[in-house]
Amino acid sequence: MGKVWLVTGASRGLGREIARAALAGGETVVATARSADALRDTFGDEHDRLHALALDITDAEATNVVAAEIVERFGAIDVLVNNAGYAELGFFETFTDAEVRRQFEVNVFGTMNVARAVAPHMRARRSGLIVTISSVSGLVSNGGGAVYSASKFAVEGWMEGFAQELEPLGVRSLLVEPGMLRTDFMDGTSARFGSIDIPDYAEAVAQYRAFVDAANGNQPGDPQLLAERIVALASKGEAPSRLVFGDDARQWAGAKVDQLRQDIHQSADRG
Ligand code: NJP
């Protein structure tokens with residue numbers, strides 16, 4: 001039967017590729033997303049190694065039910081891929097409070113819901129791997145990405161600490177920071193934009209939206225390649241705790257580290 005994987009946000013994009021790669025590797029996959037129809041379109045009929053379940057990760061109760069159902073049916077969850085997420089794009093002041101909260105509701109609190117539902121089962125067996133799809137935007141922030149980055153910085157801070165709490169109990173963690181991947185991420189079917197017009201930002205916002213439109217569908221990162229890397233790393237006893245994926249991500253993260261090092265060094269002279 002292989003290992004049992006739970007993948008969130010598996011109807012499309014990176015989650016779909018991870019589910020496919022795990023299935024190709026002989027694993028049993030529970031693929032989840034908000035729409036059961038979308039999962040059926042993506043994976044076809046269920047079979048003995050594929051189980052598709054509708055799950056909105058912002059629904060904590062539903063998340064607990066899904067985790068319990070998987071353990072009842074398959075005996076365990078060996079690998080959780082906490083992947084579901086989306087981006088609120090645009091300049092900070094163009095977002096309402098509700099829009100910012102929606103970003104955190106999915107990317108932060110939804111992701112926490114899934115980990116909270118699954119971790120007890122992994123702890124009980126002193127075994128398991130939690131793969132968290134963060135972002136290079138969880139390490140570096142730029143104008144236009146402040147709200148999305150805030151959510152992914154939160155994921156980084158939470159998971160970096162939580163991983164250390166789980167490690168002595170036999171549960172491993174892999175934080176993944178991709179650069180720009182060719183998925184629906186920048187598409188109108190996933191990405192959302194701030195709804196408030198502010199003349200001071202109008203020109204910069206228009207330029208930013210033009211950048212997003214041009215990048216949509218032309219991102220350098222191949223989600224299938226990343227999915228295969230993740231599945232390969234998960235099968236190793238000693239997977240690394242971090243994977244920064246893509247030349248773009250490594251360049252941005254490296255520049256951030258250099259800048260931080262310089263700031264820290266110069267801070268010594270500043271008191
Ligand atoms: O995006 P997309 P990605 N509850 O839009 C699901 C991160 N990332 O694959 O429910 C449950 O193709 C949605 O399913 P549906 C990114 O932040 C990306 O690129 O049917 N599921 C769909 O399956 C995210 O964490 C890039 O709409 C929910 C999936 O999420 C992860 O990669 C760069 C949901 C999104 O598929 C996957 O995103 C980077 C909910 N409430 C990090 N809301 C990039 N692509 O450039 C959404 O650094 N979904």
# chains A, B, ... in the order shown; residues from 1 in each chain; ligands from 1

call {"tool": "residues_around", "arguments": {"residues": "A:Ala215", "least_positions_apart": "5", "cutoff": "9 Å", "atoms": "only C-alpha atoms", "output": "ChimeraX atom specification"}}
result
/A:180,186,210

call {"tool": "write_last_selection", "arguments": {"atoms": "N, CA and C atoms", "output": "compact mmCIF listing (two decimals), in the first residue's frame"}}
result
# COMPACT_ATOMS: atom_id res chain seq x y z
N MET A 180 8.58 31.40 -8.25
CA MET A 180 7.34 31.49 -9.04
C MET A 180 7.09 30.21 -9.81
N MET A 186 -1.38 32.98 -9.91
CA MET A 186 -1.54 34.39 -10.29
C MET A 186 -2.77 34.62 -11.15
N ALA A 210 0.00 44.76 -14.12
CA ALA A 210 0.51 44.41 -15.45
C ALA A 210 1.61 43.34 -15.31

call {"tool": "residues_around", "arguments": {"residues": "A:Ser35", "least_positions_apart": "2", "cutoff": "9 Å", "atoms": "only C-alpha atoms", "output": "list in words"}}
result
Ser11, Thr32, Ala33, Asp37, Ala38, Leu39, Arg40, Leu53, Ala54, Leu55 and Asp56 of chain A

call {"tool": "write_last_selection", "arguments": {"atoms": "N, CA, C and O atoms", "output": "PDB file, in the first residue's frame"}}
result
ATOM      1  N   SER A  11      -6.637  19.920  -6.059  1.00  0.00           N
ATOM      2  CA  SER A  11      -7.442  19.937  -7.287  1.00  0.00           C
ATOM      3  C   SER A  11      -6.670  20.488  -8.478  1.00  0.00           C
ATOM      4  O   SER A  11      -6.983  20.206  -9.620  1.00  0.00           O
ATOM      5  N   THR A  32      -7.422  16.358  -1.251  1.00  0.00           N
ATOM      6  CA  THR A  32      -8.521  17.205  -0.792  1.00  0.00           C
ATOM      7  C   THR A  32      -8.460  18.591  -1.439  1.00  0.00           C
ATOM      8  O   THR A  32      -7.378  19.077  -1.800  1.00  0.00           O
ATOM      9  N   ALA A  33      -9.633  19.186  -1.588  1.00  0.00           N
ATOM     10  CA  ALA A  33      -9.783  20.581  -2.028  1.00  0.00           C
ATOM     11  C   ALA A  33     -11.215  20.957  -1.707  1.00  0.00           C
ATOM     12  O   ALA A  33     -12.002  20.105  -1.284  1.00  0.00           O
ATOM     13  N   ASP A  37     -16.126  18.088  -7.070  1.00  0.00           N
ATOM     14  CA  ASP A  37     -16.210  17.986  -8.537  1.00  0.00           C
ATOM     15  C   ASP A  37     -14.856  18.263  -9.183  1.00  0.00           C
ATOM     16  O   ASP A  37     -14.444  17.573 -10.117  1.00  0.00           O
ATOM     17  N   ALA A  38     -14.172  19.279  -8.663  1.00  0.00           N
ATOM     18  CA  ALA A  38     -12.855  19.613  -9.228  1.00  0.00           C
ATOM     19  C   ALA A  38     -11.883  18.450  -9.020  1.00  0.00           C
ATOM     20  O   ALA A  38     -11.071  18.132  -9.902  1.00  0.00           O
ATOM     21  N   LEU A  39     -11.980  17.791  -7.881  1.00  0.00           N
ATOM     22  CA  LEU A  39     -11.092  16.648  -7.625  1.00  0.00           C
ATOM     23  C   LEU A  39     -11.403  15.500  -8.586  1.00  0.00           C
ATOM     24  O   LEU A  39     -10.504  14.846  -9.102  1.00  0.00           O
ATOM     25  N   ARG A  40     -12.712  15.288  -8.843  1.00  0.00           N
ATOM     26  CA  ARG A  40     -13.097  14.211  -9.760  1.00  0.00           C
ATOM     27  C   ARG A  40     -12.598  14.530 -11.165  1.00  0.00           C
ATOM     28  O   ARG A  40     -12.081  13.659 -11.871  1.00  0.00           O
ATOM     29  N   LEU A  53     -11.532  13.813  -1.191  1.00  0.00           N
ATOM     30  CA  LEU A  53     -12.474  14.334  -0.194  1.00  0.00           C
ATOM     31  C   LEU A  53     -12.565  15.852  -0.298  1.00  0.00           C
ATOM     32  O   LEU A  53     -11.541  16.530  -0.402  1.00  0.00           O
ATOM     33  N   ALA A  54     -13.788  16.367  -0.239  1.00  0.00           N
ATOM     34  CA  ALA A  54     -13.963  17.824  -0.211  1.00  0.00           C
ATOM     35  C   ALA A  54     -13.554  18.331   1.167  1.00  0.00           C
ATOM     36  O   ALA A  54     -13.978  17.778   2.184  1.00  0.00           O
ATOM     37  N   LEU A  55     -12.697  19.324   1.194  1.00  0.00           N
ATOM     38  CA  LEU A  55     -12.281  19.908   2.478  1.00  0.00           C
ATOM     39  C   LEU A  55     -11.891  21.364   2.288  1.00  0.00           C
ATOM     40  O   LEU A  55     -10.973  21.674   1.533  1.00  0.00           O
ATOM     41  N   ASP A  56     -12.600  22.234   2.989  1.00  0.00           N
ATOM     42  CA  ASP A  56     -12.182  23.629   3.079  1.00  0.00           C
ATOM     43  C   ASP A  56     -11.359  23.724   4.360  1.00  0.00           C
ATOM     44  O   ASP A  56     -11.891  23.497   5.459  1.00  0.00           O
TER      45      ASP A  56
END

call {"tool": "residues_near_ligand", "arguments": {"ligand": "ligand 1", "cutoff": "6 Å", "atoms": "only C-alpha atoms and all ligand atoms", "output": "ChimeraX atom specification"}}
result
/A:8-15,33-35,38,55-58,83-86,106,133-137,177-185,190

call {"tool": "closest_residue", "arguments": {"among": "A:Glu99, A:Asp263, A:Asp41, A:Glu160", "to": "A:Arg172", "atoms": "only C-alpha atoms"}}
result
A:Glu160

call {"tool": "closest_residue", "arguments": {"among": "A:Asn113, A:Ser195, A:Thr189, A:Gln224", "to": "A:Val65", "atoms": "only C-alpha atoms"}}
result
A:Asn113
